[in-house]
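Listing of data_33.cif; format and content: mmCIF, N, CA and C atoms and all ligand atoms.
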```
data_input
loop_
_atom_site.label_atom_id
_atom_site.label_comp_id
_atom_site.auth_asym_id
_atom_site.auth_seq_id
_atom_site.Cartn_x
_atom_site.Cartn_y
_atom_site.Cartn_z
N MET M 1 0.84 -1.19 0.00
CA MET M 1 0.00 0.00 0.00
C MET M 1 0.89 1.24 0.00
N LYS M 2 0.66 2.14 -0.94
CA LYS M 2 1.41 3.38 -0.97
C LYS M 2 0.98 4.27 0.19
N LYS M 3 1.93 5.02 0.73
CA LYS M 3 1.64 5.83 1.90
C LYS M 3 0.66 6.97 1.62
N ASP M 4 0.62 7.47 0.37
CA ASP M 4 -0.24 8.61 0.06
C ASP M 4 -1.65 8.19 -0.36
N ILE M 5 -1.91 6.91 -0.44
CA ILE M 5 -3.24 6.44 -0.81
C ILE M 5 -3.90 5.85 0.43
N LYS M 6 -5.06 6.41 0.76
CA LYS M 6 -5.77 5.92 1.94
C LYS M 6 -6.77 4.85 1.49
N PRO M 7 -6.69 3.68 2.11
CA PRO M 7 -7.60 2.60 1.72
C PRO M 7 -9.03 2.86 2.15
N LEU M 8 -9.95 2.21 1.47
CA LEU M 8 -11.36 2.29 1.84
C LEU M 8 -11.73 1.05 2.64
N CYS M 9 -12.56 1.25 3.61
CA CYS M 9 -13.03 0.15 4.45
C CYS M 9 -14.03 -0.71 3.65
N CYS M 10 -13.82 -2.02 3.63
CA CYS M 10 -14.71 -2.91 2.88
C CYS M 10 -16.07 -3.07 3.56
N ILE M 11 -16.19 -2.57 4.77
CA ILE M 11 -17.45 -2.72 5.50
C ILE M 11 -18.29 -1.45 5.40
N CYS M 12 -17.72 -0.29 5.77
CA CYS M 12 -18.50 0.96 5.75
C CYS M 12 -18.25 1.79 4.50
N LYS M 13 -17.23 1.43 3.71
CA LYS M 13 -16.88 2.09 2.43
C LYS M 13 -16.29 3.49 2.63
N GLU M 14 -15.92 3.83 3.86
CA GLU M 14 -15.31 5.13 4.13
C GLU M 14 -13.79 5.02 4.09
N THR M 15 -13.11 6.17 3.92
CA THR M 15 -11.66 6.21 3.94
C THR M 15 -11.15 5.83 5.33
N ILE M 16 -10.04 5.14 5.35
CA ILE M 16 -9.46 4.73 6.64
C ILE M 16 -8.28 5.63 6.96
N GLU M 17 -8.43 6.42 8.00
CA GLU M 17 -7.35 7.29 8.47
C GLU M 17 -6.45 6.49 9.40
N LYS M 18 -5.19 6.89 9.47
CA LYS M 18 -4.24 6.23 10.37
C LYS M 18 -4.69 6.43 11.81
N ASP M 19 -4.70 5.33 12.56
CA ASP M 19 -5.11 5.38 13.95
C ASP M 19 -4.28 4.36 14.73
N VAL M 20 -4.62 4.09 15.94
CA VAL M 20 -3.85 3.14 16.75
C VAL M 20 -3.82 1.77 16.07
N PHE M 21 -4.96 1.29 15.59
CA PHE M 21 -5.02 -0.02 14.95
C PHE M 21 -5.25 0.06 13.45
N ASP M 22 -5.71 1.20 12.95
CA ASP M 22 -6.05 1.33 11.53
C ASP M 22 -4.87 1.84 10.71
N PRO M 23 -4.81 1.54 9.43
CA PRO M 23 -5.74 0.66 8.72
C PRO M 23 -5.49 -0.81 9.03
N CYS M 24 -6.55 -1.58 9.06
CA CYS M 24 -6.45 -3.02 9.25
C CYS M 24 -6.58 -3.72 7.90
N SER M 25 -5.98 -4.88 7.80
CA SER M 25 -6.13 -5.72 6.62
C SER M 25 -6.82 -7.00 7.03
N LEU M 26 -7.72 -7.44 6.18
CA LEU M 26 -8.37 -8.73 6.36
C LEU M 26 -7.92 -9.62 5.22
N VAL M 27 -7.49 -10.81 5.53
CA VAL M 27 -7.10 -11.75 4.49
C VAL M 27 -8.13 -12.87 4.47
N LEU M 28 -8.84 -12.97 3.36
CA LEU M 28 -9.85 -14.01 3.19
C LEU M 28 -9.20 -15.18 2.45
N ILE M 29 -9.30 -16.36 3.03
CA ILE M 29 -8.73 -17.56 2.42
C ILE M 29 -9.88 -18.51 2.14
N THR M 30 -10.06 -18.83 0.87
CA THR M 30 -11.10 -19.79 0.51
C THR M 30 -10.56 -21.20 0.64
N ASN M 31 -11.45 -22.14 0.77
CA ASN M 31 -11.06 -23.55 0.85
C ASN M 31 -10.00 -23.76 1.93
N SER M 32 -10.22 -23.16 3.08
CA SER M 32 -9.20 -23.20 4.14
C SER M 32 -8.98 -24.60 4.71
N ASP M 33 -9.83 -25.55 4.33
CA ASP M 33 -9.62 -26.92 4.78
C ASP M 33 -8.72 -27.70 3.82
N MET M 34 -8.31 -27.02 2.75
CA MET M 34 -7.45 -27.68 1.76
C MET M 34 -6.02 -27.20 1.93
N GLU M 35 -5.11 -27.84 1.24
CA GLU M 35 -3.71 -27.44 1.29
C GLU M 35 -3.53 -26.10 0.57
N TRP M 36 -2.50 -25.35 0.94
CA TRP M 36 -2.25 -24.01 0.43
C TRP M 36 -2.33 -23.89 -1.10
N PRO M 37 -1.77 -24.83 -1.88
CA PRO M 37 -1.82 -24.67 -3.34
C PRO M 37 -3.24 -24.63 -3.90
N ASP M 38 -4.19 -25.18 -3.18
CA ASP M 38 -5.58 -25.22 -3.67
C ASP M 38 -6.45 -24.12 -3.08
N GLN M 39 -5.86 -23.26 -2.25
CA GLN M 39 -6.62 -22.16 -1.66
C GLN M 39 -6.49 -20.91 -2.52
N LYS M 40 -7.35 -19.93 -2.26
CA LYS M 40 -7.25 -18.61 -2.87
C LYS M 40 -7.26 -17.60 -1.74
N GLU M 41 -6.52 -16.50 -1.93
CA GLU M 41 -6.44 -15.47 -0.91
C GLU M 41 -6.74 -14.10 -1.51
N GLN M 42 -7.45 -13.28 -0.76
CA GLN M 42 -7.69 -11.89 -1.15
C GLN M 42 -7.61 -11.03 0.10
N THR M 43 -6.95 -9.88 -0.05
CA THR M 43 -6.79 -8.96 1.08
C THR M 43 -7.77 -7.80 0.96
N PHE M 44 -8.42 -7.48 2.05
CA PHE M 44 -9.34 -6.34 2.14
C PHE M 44 -8.82 -5.40 3.23
N PHE M 45 -9.28 -4.16 3.20
CA PHE M 45 -8.96 -3.22 4.27
C PHE M 45 -10.23 -2.89 5.03
N CYS M 46 -10.07 -2.57 6.30
CA CYS M 46 -11.24 -2.19 7.10
C CYS M 46 -10.79 -1.38 8.30
N HIS M 47 -11.78 -0.74 8.94
CA HIS M 47 -11.56 -0.11 10.24
C HIS M 47 -11.64 -1.22 11.30
N MET M 48 -10.82 -1.12 12.31
CA MET M 48 -10.93 -2.08 13.41
C MET M 48 -12.32 -2.01 14.03
N GLY M 49 -12.84 -0.79 14.18
CA GLY M 49 -14.17 -0.63 14.77
C GLY M 49 -15.25 -1.31 13.96
N CYS M 50 -15.16 -1.23 12.64
CA CYS M 50 -16.16 -1.87 11.77
C CYS M 50 -16.07 -3.39 11.89
N PHE M 51 -14.84 -3.91 11.85
CA PHE M 51 -14.66 -5.36 11.98
C PHE M 51 -15.19 -5.85 13.33
N ARG M 52 -14.89 -5.05 14.34
CA ARG M 52 -15.33 -5.40 15.69
C ARG M 52 -16.86 -5.51 15.76
N ARG M 53 -17.53 -4.59 15.09
CA ARG M 53 -19.01 -4.64 15.09
C ARG M 53 -19.50 -5.86 14.32
N VAL M 54 -18.86 -6.15 13.17
CA VAL M 54 -19.28 -7.27 12.34
C VAL M 54 -19.17 -8.59 13.09
N VAL M 55 -18.09 -8.75 13.83
CA VAL M 55 -17.91 -10.01 14.57
C VAL M 55 -18.57 -9.96 15.94
N ASN M 56 -19.28 -8.85 16.19
CA ASN M 56 -20.00 -8.72 17.45
C ASN M 56 -19.07 -9.02 18.62
N ASP M 57 -18.01 -8.24 18.68
CA ASP M 57 -16.89 -8.46 19.61
C ASP M 57 -17.32 -9.13 20.91
N ASP M 58 -17.01 -10.40 20.99
CA ASP M 58 -17.31 -11.15 22.21
C ASP M 58 -16.00 -11.63 22.84
N ASN M 59 -15.05 -10.70 22.88
CA ASN M 59 -13.74 -10.93 23.49
C ASN M 59 -12.89 -11.94 22.73
N ILE M 60 -13.14 -12.09 21.41
CA ILE M 60 -12.28 -12.96 20.61
C ILE M 60 -11.13 -12.17 19.99
N LEU M 61 -11.19 -10.84 20.08
CA LEU M 61 -10.16 -10.01 19.45
C LEU M 61 -9.00 -9.78 20.41
N TYR M 62 -8.24 -10.82 20.66
CA TYR M 62 -7.08 -10.72 21.55
C TYR M 62 -6.07 -9.70 21.04
N ILE M 63 -6.11 -9.45 19.74
CA ILE M 63 -5.16 -8.53 19.12
C ILE M 63 -5.30 -7.11 19.69
N LEU M 64 -6.45 -6.80 20.28
CA LEU M 64 -6.67 -5.47 20.85
C LEU M 64 -6.09 -5.32 22.25
N GLU M 65 -5.67 -6.42 22.84
CA GLU M 65 -5.13 -6.35 24.20
C GLU M 65 -3.74 -5.73 24.17
N ALA M 66 -3.45 -4.92 25.18
CA ALA M 66 -2.21 -4.14 25.22
C ALA M 66 -0.96 -5.00 25.14
N ASP M 67 -1.02 -6.22 25.70
CA ASP M 67 0.18 -7.05 25.71
C ASP M 67 0.25 -8.02 24.53
N PHE M 68 -0.69 -7.89 23.57
CA PHE M 68 -0.62 -8.73 22.37
C PHE M 68 0.61 -8.30 21.58
N PRO M 69 1.54 -9.23 21.31
CA PRO M 69 2.82 -8.84 20.70
C PRO M 69 2.70 -8.44 19.23
N ALA M 70 3.49 -7.44 18.85
CA ALA M 70 3.63 -7.08 17.44
C ALA M 70 4.49 -8.16 16.79
N ASN M 71 4.40 -8.30 15.49
CA ASN M 71 5.19 -9.31 14.78
C ASN M 71 6.68 -9.14 15.06
N ARG M 72 7.13 -7.89 15.19
CA ARG M 72 8.54 -7.61 15.48
C ARG M 72 8.97 -8.28 16.78
N GLU M 73 8.08 -8.23 17.78
CA GLU M 73 8.41 -8.83 19.07
C GLU M 73 8.47 -10.35 18.98
N LEU M 74 7.59 -10.95 18.17
CA LEU M 74 7.62 -12.41 18.00
C LEU M 74 8.88 -12.83 17.26
N GLU M 75 9.29 -12.01 16.30
CA GLU M 75 10.50 -12.32 15.54
C GLU M 75 11.73 -12.25 16.43
N GLU M 76 11.74 -11.28 17.35
CA GLU M 76 12.87 -11.13 18.25
C GLU M 76 12.97 -12.31 19.22
N GLU M 77 11.82 -12.93 19.54
CA GLU M 77 11.81 -14.08 20.45
C GLU M 77 12.33 -15.35 19.78
N ALA M 78 12.19 -15.42 18.46
CA ALA M 78 12.57 -16.63 17.71
C ALA M 78 14.08 -16.78 17.62
ZN ZN L 1 -15.31 1.09 8.27
#
```
Using the file provided, produce a representation of the structure as structure tokens.
Ligand SMILES: [Zn+2]
Amino acid sequence: MKKDIKPLCCICKETIEKDVFDPCSLVLITNSDMEWPDQKEQTFFCHMGCFRRVVNDDNILYILEADFPANRELEEEA
């Protein structure tokens, strides 16, 4: 994603401004019960707030917790 292009949210269709969690990317994988060569993937953008509403946040979004590690931190642990 180029820095000067603001993505549109696939849920509310509004521009996504930079925020604590935004922009978010959603990766949809079809045929997820099959091996990787037989799957298809597509990336969407969304607001964290919109995704949270869609999934009716019932505390499954561990990623929002303050101690949820960034990928950089996981890489440093490896
Ligand atoms: Zn949205």
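Atom pair CA of Cys24 in chain M / CA of His47 in chain M: separated by 6.0 Å.
The interatomic distance for the pair CA of Cys50 in chain M and CA of Ile11 in chain M works out to 6.5 Å.
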Compile a residue-level contact table for chain M against ligand ZN 1 (chain L) at a cut-off of 8 Å, reporting for every qualifying residue the shortest atom pair and its distance in Å to one decimal, with all atoms listed in the file counted, rows ordered by chain and ascending number, as a Markdown table.
```
| residue | atom | partner | partner_atom | distance |
| --- | --- | --- | --- | --- |
| M:Leu8 | C | L:ZN1 | ZN | 6.7 |
| M:Cys9 | CA | L:ZN1 | ZN | 4.5 |
| M:Cys10 | N | L:ZN1 | ZN | 5.8 |
| M:Ile11 | C | L:ZN1 | ZN | 4.9 |
| M:Cys12 | N | L:ZN1 | ZN | 3.7 |
| M:Lys13 | N | L:ZN1 | ZN | 5.0 |
| M:Glu14 | N | L:ZN1 | ZN | 5.2 |
| M:Thr15 | C | L:ZN1 | ZN | 7.0 |
| M:Ile16 | CA | L:ZN1 | ZN | 7.1 |
| M:Phe45 | C | L:ZN1 | ZN | 7.2 |
| M:Cys46 | C | L:ZN1 | ZN | 5.2 |
| M:His47 | N | L:ZN1 | ZN | 4.0 |
| M:Met48 | N | L:ZN1 | ZN | 6.4 |
| M:Gly49 | C | L:ZN1 | ZN | 6.2 |
| M:Cys50 | CA | L:ZN1 | ZN | 4.7 |
| M:Phe51 | N | L:ZN1 | ZN | 6.2 |
```
(message) What parts of chain M does DSSP call strand (DSSP E)? I'd like the answer as a PyMOL selection string.
(response) chain M and resi 24-30+40-46
(request) Please indicate the distance in Å from atom N of Phe44 in chain M to CA of Leu28 in chain M, rounded to one decimal place. (result) 6.8 Å
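Comparing M:Glu65, M:Asp4, M:Glu41, M:Val55 by their smallest distance to Ile29 in chain M, the closest is M:Glu41 (using all atoms listed in the file).
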